[in-house]
Structure formats: structure tokens, C-alpha cells
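Visitor: Have a look at this one before I ask anything.
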Amino acid sequence: MLTDQAGKGVHRDTPGPGHSAQIPLRTGGDLLQLVSPEGERISHPEFDIWVKDIGDEHLCSLYEDMTVIRRIDAEATALQRQGELALWPPLLGQEAAQIGSSRSLRDDDFVFPSYRESGVAYVRGAHLSEIARVWRGNASYGWDPLRINLATPQIIIGSQSLHATGYAMGVQLDGANTAVLAYFGDGATSEGDVNEAMVFAASYQAPVVFFCQNNHWAISEPVRVQSHVQLADRPTGFGIPSMRVDGNDVLAVMAATRVALDRARKGGGPTFIEAVTYRMGPHTTADDPTRYRDPIELEDWAAKDPILRLRKLLQAKGLLTDDVEARVKSKADAVAAELRSSCIDMPDPQPLDVFNHVYSTPNSWIERQKDHYSRYLNSFGQPVEEGAL
Amino acid sequence: MSKLTFARAINAGLRKSLENDPKVVLMGEDIGSLGGVFRVTDGLQKDFGKHRVIDSPLAESGIIGTAVGLAYRGYRPVCEIQFDGFIYPAFDQIVSQVAKMHYRTQGRVKMPITIRVPFGGGIGSPEHHSESPEAYFTHTSGLRVVAVSNPQDAYTMIQQAIASDDPVLYFEPKRRYHDKGDVDETFSLSEALPLDKAAVVSAGSDVTLIAYGPLVKTARDAAMAAADEGISVEVIDLRSLAPVDYPVVEASVRKTGRLVITHEAAQSGGLGAEIAASITERCFHYLESAPVRITGFDVPYPYSKLEMHHLPDLDRILDGVDRALGRPNSLSGLEG
Ligand SMILES: Cc1ncc(C[n+]2csc(CCOP(=O)(O)OP(=O)(O)O)c2C)c(N)n1
């Protein structure tokens, strides 16, 4: 049976050797791959154990999630083109990185995303309208962060890596065994915040996983403008072990993330994962990649498409039946339809909402401005209502 | 004379500066092959090379901090901060280093750094893309802060900023990037209005209306609408936000006796507050009514569906003009 909301909570306990000393941690170097671009399962002496529980059904559900978020991405892009969303940051090509990592989390883990992790938001249980809301311009936040343990989208590059580290320090102070995961891109590794986050995480051995999706481009700047070494080689200078994984291989991403989360939970400290992937679309719907990107590069990466790879694996295992295909397609269609209708039906915020929630207690400056603005609106004979945000 | 968009006018000014002075270098995120997210630097890397037009790592503190070193070495860096809301990681370098170096070294080290910042709202962007952070910088001594409002000024003032031995924050109203205007590219900088001067953009006798950057156009439109009602509004484009050209403002207020100031930035601690206080000190006996501020509210810049409420528009400015004149307005009958 395919799982419903992304199989959340299905695999709560990470398998593995159960002893942090045995956790395989490599630094930079070769790319961890468990499935080849041709869809062959590559066995790996250290990492296989971390995905040994992933049976046929689970594989199919990963395929479903990846297909669904690709469909969300396509639908949202279309909604932006139709003027229903103000902007959209596509994740095309990054499905394995997002699904593999987020499906490795427990519900009680806390996640700090950038703005591109709509797939992660879906897996964490954000409603489709909540995913659309920020990009439609109806609110500055999408979902309640404390309901689904997922911070709101972060626009300021790299900031969330510090928040994640601080949260992890709090987990440590509480003596809890929650893990924290921060997503950021290759470009973000240049920012002071990300580097300072690594300093703090290492100093306090905070239970945080830095999950860097190296999609090769920071808007128009290739990763080589950000770093002269492989990104996975950098954290070691801070005393943080790292893994470099094929970000288009969902199994490899899961194995690496599970290792890192397990390590965090067992007091092993921070880990850095570089998921090597590729952003096949524009940076956002406002971007024009033809100005800076060679189409040949795109073709090369299209051949390594993460969904295609999983399809080949499923085919080889005889799992890609018509029945599975039909169910995945109908799920994706249903999700897309719901995204569309919940976006279009979303009520507009009300004018006086501008003033709400600036402070948690009344503030005379703002009350005065709100009163004056409401009188101003009334002077046009408009009834002024407050929204329900 | 050519008709250029705002963005092209800045591009032309940057090109002139790059041509005239080999010490000018451009730095910023995505300013190379992409030509910047607003295409302001379009084609410059192609024509001047990667050493003069530097695609920098994604690190704002790094961009400004290395510009300090380049300036020490005799260069004139022109840094692009991609959007207003991304200047804060560089804030420490700007206010603690760039602003103070000349003072600290008693004039021995100059910081001829220009920091270009697309600012302001009205383009339906997500958060951190529509801020008006100018007051943070006008509050810091040692920085010149300017905001341009039309393509001709954009063209000349970018060159003046680059030629200035003081550091200049050069604010570009992003919602006006595509507006076209006449630009005289033969204009010599020595004939141009100096960088620190305000301009009276339309003369009037009843009320002085001060604006800068994106709201100059709105203010002019408001003045035209007021004229239809027989009210004569003098519009001043401040151009220089630090230092403010008080002589021009004073002369106008002495004539009109009434002052309205408009900006997109939040009201409290904003430039409008400073100007209202300074003009009250300087022209108290000439004022017929209290200065009026029509500004963004004291709230974080709201999500795009509500930004039209936050941004001063023609009607809100006219309501403010009515208040200054004691005509019926939305606050009639209220005290304070
Ligand atoms: C502090 C800051 N500077 C600049 C930007 C503008 N900006 C938005 S996304 C981006 C590129 C980010 O690249 P990367 O970190 O690799 O993440 P990706 O978008 O590729 O997922 C830039 C420069 C920003 N949002 N925040």
C-alpha cells in the first residue's frame, strides 16, 4: 500500500549498527551512491545497513513522493505564470535530495529550511494552501512552525543554519534526543552565518545536521565562485565530519541523512552532508538561466534525473506495475488540483492586517497609525474589516 | 539626448566611470554574465573583463569588507547589494569600517566606495525584498546617502558617487527601473547639480512637499492633482538624504509655511522625523501648521497582497496636504 501523507511516521526508528562509534563517516572524497544512474543497486559495505529496512512498498512510496512534489512544482510554476502566485522557486531535479532527507526525519526532529524546500514542507505535513500562501503574497509565513516542526521559509541566505544550531544547543540543554536539520544551498556556504554556525556547532557539539543541496548554481554563479574545494571538504576545517552523496540517488541520501541524524541523537555532534544535485529549472520564476547556463550541462544532468533513476530501479525489481503507476499519477493529479483550488480560493488579507502581530502586546505607536489609517479608509466610504489571519 | 530606462541610465553611468578611471571596479553577486538581477550591469563584464566587473561570492560582509581593503589600495569599488534587505549582513562593515575610516585616520585613508542598493517596494516581492533601510545609514556619520528619482539623475549621480572621496550609499528605486526618461550623456559632471544638493522639481506656493527616490514621481502626480483643486504644491526631490540640503528646504518652507514629507520607510526614527524637527527648529516662526509625515507604517514591510496599503500613494499624500492646509481630511476633528 502506498502511504498517504508521504509515509510520515512510518519509519520512526532509524536502523543501523546502534553504536555511534561504528558510524561510517567519510570526509569529502568519493560520492556515496547506492543506485547508479542506470538504476542498478550498488551495494555498499557500510551504508547498506542504513537502508536495509526499505522494502518494496517503501521504495514505491518514495517514488510517489518524488513524483508528487515534481507535480506540485510544475503546478506552482503554472500558477505563477497565470498570475496566481507572485513568485515560485522551482525544485525540479532536487526531488531525491529533498525526499530522501526529509523522509529520514522523525516527527519530533526540527527542520530549518531555505525557500526552496517545498518538497520537505509537503513531507512534514504542511497543507498545500500553506505552501502556496507565502508565494501568493498572502502572508509572510506559510505553516505554523511549531505544529510541524518546520521553520518558515528563509529568504536571507544561510541565516537558518545559525537558528538550527541554536535550536540544537537548546535540545542539548534539555537533554533530549531530538535531531535538528538545516537546509541550505551551495551559495550559502560563502555567507558568514553558515561559517559561524559551523563554529558554534563544533564548539558545543550540537546535534545538528547541515544538509547542503549543492545544485551547482547560486542564481547565475556556479559553485566554483563560492569554493575552490569540494563543499564537503570545508566543514572538516571546523572539526565537523562530512559526507558527499549523490543527491539524485534517494537511497544514498536517506542512508547518509540517517547516519547523521543518528549521530546527532547519540551525542556524536554535528555532521555536514553535501548532496550533489542539480537545479534543472530557473532559480525562481523571475530568473532567466539561458543568460548564464550552457544547455549541454542541463542535458547531462537531465540524464541523471532522480525520478528516472528510481523508476529504473523499480522497473528492474519488477515493481513498476501499471497499478502503481496509475495510483501515483492519480495521487499527483489530486494533489495538484488541490494546490490549484486552495490557491485560487484563498481569501485576500484585509487592509488592517498590516498592523497585526508587530508586537505581542499593544503598542501605542501602531494603534495610533492603525486608527488613523482606518479613518482614512473610512473617508472613502469603504467598510473596513479586519481579516482573520 | 537619448531616452533611457532608469536601469540603462545607471548602466551608462557605470560604463562611463569604468572607462574614465581604471581604478573603478564593480563587485557584487550575479553582476557578471547575468548582468545583475535587474540587469543594471548588463554587458559590463563582457566589455571590461572579469577583473573590473567581479562576480563575488554570496557574502555581503565579504563584498563590503574587501572593498575596504581595495580602497586602502587606491581602488574605487562600486558594490552592488542585490536587494535592500540583504544589506544587513554587511551592516557592520559599512557602519563600523567604511563610515569611520576617514575620521579614524584623520583623513589619511579615504573610502571612495559606492554601495548601490535597489530599494523600496511596490513590485510584489517576498519579504526582505522591499525594504527602505536608508535611516540606518543616515544615522551614521561619515556616510553620504543619496536616492535617485529619474534616469538623468541616475546617470549623473552614479558617476558623482563614484568620483566622491567619501563613501556613498546610492539607493535605486527598484519599482522605477523600467521607467524611461531623457538622459543627456554629454552632460559634464562639473555642470551637474552637486551630489549633495536637493532639487525643486515643481514650484508652488501653498505647501512644500518633500520626497525622494520612488515617491518623487508620486509626489509630482499628487501636486498635479492638487493643482486641479487650486492648491499650489512645491515638490522637492531631496536627492541627498545625508547630508540633507537644508537651505533649499528652508527657503521653500519660508515661502509656503507648510511642510509635508513622504517616504516609504517606517515613520518612527525615519528621515521625515529628522526633517520635521530640523525645519521646526529653523523655520518655527514661518510655519503655519505642524509638519505632516506620510510614510510607511511602523510595521515590518508587509506581504505583497497588502503592500499597497503600506506604501504612500497619491491619495494619502493629498490627504496629508489637506491636513497641512487645515482643509477637511481623514483626521478632521481629532486632536494630536
Ligand atoms: C543575504 C542574501 N543575499 C542575497 C540574496 C539573494 N539571493 C537569493 S537566492 C540566491 C542564491 C542562493 O544560492 P544557493 O545558496 O546555492 O541556493 P539555491 O537557490 O541554489 O537553492 C541569492 C544570491 C539573499 N536572498 N540573501
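Order determines the names: the first chain of the C-alpha cells is A, the second B, and so forth; residues in each chain are numbered 1 upward, and ligands are numbered 1 upward as they are shown.
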Contacts from chain B to chain A, 10 Å maximum, only C-alpha atoms: show me the residue list as a count of residues only.
Guide: 54
Visitor: Counting only C-alpha atoms, what is within 8 Å of segment 141-155 of chain B, bar same-chain residues fewer than 4 positions away, as number ranges by chain?
Guide: B: 4-7, 9-13, 98-100, 102-103, 134, 137, 159, 166-173, 179-185, 195-196, 212-217, 237-243
Visitor: Suppose we keep C-alpha atoms; can you now write the selection as an mmCIF file, in the first residue's frame?
Guide:
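selection.cif, written as the output of this step:
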```
data_model
loop_
_atom_site.group_PDB
_atom_site.id
_atom_site.type_symbol
_atom_site.label_atom_id
_atom_site.label_comp_id
_atom_site.auth_asym_id
_atom_site.auth_seq_id
_atom_site.Cartn_x
_atom_site.Cartn_y
_atom_site.Cartn_z
ATOM 1 C CA LEU B 4 16.772 55.518 -21.437
ATOM 2 C CA THR B 5 15.186 53.430 -18.754
ATOM 3 C CA PHE B 6 16.388 54.016 -15.259
ATOM 4 C CA ALA B 7 18.345 50.757 -15.290
ATOM 5 C CA ALA B 9 20.870 55.076 -17.361
ATOM 6 C CA ILE B 10 22.740 53.664 -14.356
ATOM 7 C CA ASN B 11 24.386 51.157 -16.668
ATOM 8 C CA ALA B 12 25.564 54.000 -18.907
ATOM 9 C CA GLY B 13 26.889 55.917 -15.907
ATOM 10 C CA VAL B 98 33.552 52.213 5.795
ATOM 11 C CA ALA B 99 31.938 55.143 7.605
ATOM 12 C CA LYS B 100 34.627 55.717 10.176
ATOM 13 C CA HIS B 102 38.430 58.689 7.238
ATOM 14 C CA TYR B 103 37.736 60.081 10.689
ATOM 15 C CA GLU B 134 18.090 54.466 4.496
ATOM 16 C CA PHE B 137 22.679 54.831 7.274
ATOM 17 C CA GLN B 159 29.274 58.997 -11.627
ATOM 18 C CA ASP B 166 33.531 59.825 0.649
ATOM 19 C CA PRO B 167 31.668 56.548 0.786
ATOM 20 C CA VAL B 168 28.242 56.843 -0.811
ATOM 21 C CA LEU B 169 25.180 54.693 -0.383
ATOM 22 C CA TYR B 170 23.364 55.023 -3.658
ATOM 23 C CA PHE B 171 19.723 53.967 -3.358
ATOM 24 C CA GLU B 172 17.941 52.992 -6.581
ATOM 25 C CA PRO B 173 14.135 52.880 -6.580
ATOM 26 C CA ASP B 179 10.603 53.998 -16.321
ATOM 27 C CA LYS B 180 12.035 55.876 -19.251
ATOM 28 C CA GLY B 181 13.337 59.397 -19.336
ATOM 29 C CA ASP B 182 15.597 61.746 -21.281
ATOM 30 C CA VAL B 183 19.259 61.350 -20.497
ATOM 31 C CA ASP B 184 21.887 63.743 -21.766
ATOM 32 C CA GLU B 185 25.032 61.638 -21.876
ATOM 33 C CA LEU B 195 25.643 65.322 -5.316
ATOM 34 C CA ASP B 196 24.583 66.894 -2.038
ATOM 35 C CA TYR B 212 12.952 61.159 -2.593
ATOM 36 C CA GLY B 213 13.565 58.053 -4.673
ATOM 37 C CA PRO B 214 10.436 56.189 -5.769
ATOM 38 C CA LEU B 215 7.988 58.686 -4.262
ATOM 39 C CA VAL B 216 9.165 61.705 -6.225
ATOM 40 C CA LYS B 217 7.001 60.632 -9.122
ATOM 41 C CA ASP B 237 13.367 65.966 -4.569
ATOM 42 C CA LEU B 238 15.749 65.610 -1.678
ATOM 43 C CA ARG B 239 18.332 63.590 -3.669
ATOM 44 C CA SER B 240 20.837 63.691 -0.816
ATOM 45 C CA LEU B 241 19.498 62.092 2.364
ATOM 46 C CA ALA B 242 22.754 62.620 4.260
ATOM 47 C CA PRO B 243 23.608 65.383 4.416
#
```
Visitor: From segment 116-256 of chain A, collect each residue whose DSSP state is strand (DSSP E or B) and return the set as a list in words.
Guide: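 Of segment 116-256 of chain A, the ones in strand (DSSP E or B) are Leu150, Val180, Leu181, Ala182, Tyr183, Phe184, Gly185, Val208, Val209, Phe210, Phe211, Cys212, Gln213, Asn214, Trp217, Ala218, Glu221, Pro222, Ser242, Met243, Arg244, Val245 and Asp246 of chain A.
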Visitor: Of the residues B:Val25, B:Met111, B:Ile63, B:Val53, which is the one nearest to ligand 1, using only C-alpha atoms and all ligand atoms?
Guide: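 That would be B:Ile63, the residue with the smallest distance to ligand 1.
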Visitor: Within segment 10-142 of chain B, find each residue whose DSSP state, derived from the backbone, is helix (DSSP H, G or I), and express the selection as a ChimeraX atom specification.
Guide: /B:10-20,44-48,60-72,84-86,88-98,101-104,134-138
Visitor: Save out the residues we just selected, C-alpha atoms, as an mmCIF file, in the first residue's frame.
Guide:
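That gives us result-v3.cif:
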```
data_model
loop_
_atom_site.group_PDB
_atom_site.id
_atom_site.type_symbol
_atom_site.label_atom_id
_atom_site.label_comp_id
_atom_site.auth_asym_id
_atom_site.auth_seq_id
_atom_site.Cartn_x
_atom_site.Cartn_y
_atom_site.Cartn_z
ATOM 1 C CA ILE B 10 22.740 53.664 -14.356
ATOM 2 C CA ASN B 11 24.386 51.157 -16.668
ATOM 3 C CA ALA B 12 25.564 54.000 -18.907
ATOM 4 C CA GLY B 13 26.889 55.917 -15.907
ATOM 5 C CA LEU B 14 28.774 52.863 -14.640
ATOM 6 C CA ARG B 15 30.221 52.323 -18.112
ATOM 7 C CA LYS B 16 31.461 55.929 -18.235
ATOM 8 C CA SER B 17 33.098 55.595 -14.840
ATOM 9 C CA LEU B 18 34.755 52.312 -15.794
ATOM 10 C CA GLU B 19 36.074 53.934 -18.978
ATOM 11 C CA ASN B 20 37.329 57.098 -17.318
ATOM 12 C CA LEU B 44 29.772 45.393 -18.450
ATOM 13 C CA GLN B 45 31.698 42.263 -17.598
ATOM 14 C CA LYS B 46 31.780 41.328 -21.267
ATOM 15 C CA ASP B 47 33.288 44.692 -22.174
ATOM 16 C CA PHE B 48 35.558 45.351 -19.195
ATOM 17 C CA GLU B 60 27.663 40.716 1.699
ATOM 18 C CA SER B 61 30.034 41.330 4.595
ATOM 19 C CA GLY B 62 32.709 39.943 2.307
ATOM 20 C CA ILE B 63 31.783 42.282 -0.529
ATOM 21 C CA ILE B 64 31.971 45.425 1.593
ATOM 22 C CA GLY B 65 34.862 44.276 3.762
ATOM 23 C CA THR B 66 37.055 43.502 0.760
ATOM 24 C CA ALA B 67 36.025 46.821 -0.776
ATOM 25 C CA VAL B 68 37.563 48.472 2.289
ATOM 26 C CA GLY B 69 40.839 46.733 1.506
ATOM 27 C CA LEU B 70 40.610 47.661 -2.165
ATOM 28 C CA ALA B 71 40.029 51.282 -1.199
ATOM 29 C CA TYR B 72 43.094 51.172 1.061
ATOM 30 C CA ASP B 84 17.798 46.276 0.242
ATOM 31 C CA GLY B 85 17.039 43.505 2.724
ATOM 32 C CA PHE B 86 20.361 41.798 2.075
ATOM 33 C CA TYR B 88 22.291 43.800 6.857
ATOM 34 C CA PRO B 89 24.971 41.106 6.778
ATOM 35 C CA ALA B 90 27.232 43.949 5.556
ATOM 36 C CA PHE B 91 25.955 46.441 8.108
ATOM 37 C CA ASP B 92 28.902 46.074 10.444
ATOM 38 C CA GLN B 93 31.437 46.670 7.669
ATOM 39 C CA ILE B 94 29.500 49.712 6.456
ATOM 40 C CA VAL B 95 28.862 51.466 9.758
ATOM 41 C CA SER B 96 31.930 50.400 11.722
ATOM 42 C CA GLN B 97 34.543 50.418 8.989
ATOM 43 C CA VAL B 98 33.552 52.213 5.795
ATOM 44 C CA MET B 101 37.909 55.111 8.386
ATOM 45 C CA HIS B 102 38.430 58.689 7.238
ATOM 46 C CA TYR B 103 37.736 60.081 10.689
ATOM 47 C CA ARG B 104 39.738 57.435 12.455
ATOM 48 C CA GLU B 134 18.090 54.466 4.496
ATOM 49 C CA ALA B 135 17.601 55.812 8.024
ATOM 50 C CA TYR B 136 20.050 53.280 9.464
ATOM 51 C CA PHE B 137 22.679 54.831 7.274
ATOM 52 C CA THR B 138 21.701 58.490 7.522
#
```
Visitor: Within 10 Å of segment 324-337 of chain A, counting only C-alpha atoms, which residues qualify if same-chain residues fewer than 2 places away don't, as a PyMOL selection string?
Guide: chain A and resi 1-2+4+60-61+63-76+128+319-322+339-343
Visitor: Next, write the just-selected residues to a file, as a compact mmCIF listing (two decimals), in the first residue's frame, keeping C-alpha atoms as the atom set.
Guide:
```txt
# COMPACT_ATOMS: atom_id res chain seq x y z
CA MET A 1 0.00 0.00 0.00
CA LEU A 2 1.25 3.44 -0.78
CA ASP A 4 -0.78 8.71 2.38
CA CYS A 60 7.28 2.80 -4.12
CA SER A 61 6.23 5.40 -1.60
CA TYR A 63 8.73 7.22 -5.81
CA GLU A 64 5.26 8.52 -5.11
CA ASP A 65 6.54 11.40 -3.01
CA MET A 66 9.12 12.41 -5.58
CA THR A 67 6.54 12.30 -8.35
CA VAL A 68 4.05 14.26 -6.29
CA ILE A 69 6.47 17.03 -5.44
CA ARG A 70 7.53 17.29 -9.05
CA ARG A 71 3.88 17.73 -9.87
CA ILE A 72 3.49 20.35 -7.11
CA ASP A 73 6.45 22.16 -8.60
CA ALA A 74 5.01 22.08 -12.12
CA GLU A 75 1.60 23.21 -10.95
CA ALA A 76 3.03 26.04 -8.86
CA LEU A 128 -0.87 22.72 0.09
CA LEU A 319 7.73 -3.08 -9.04
CA LEU A 320 6.65 -0.50 -11.56
CA THR A 321 3.32 -2.09 -12.35
CA ASP A 322 0.52 -0.33 -14.20
CA LEU A 339 -2.92 23.06 -4.71
CA ARG A 340 -4.62 24.93 -7.53
CA SER A 341 -8.01 25.25 -5.92
CA SER A 342 -6.68 26.12 -2.48
CA CYS A 343 -4.50 28.78 -4.07
```
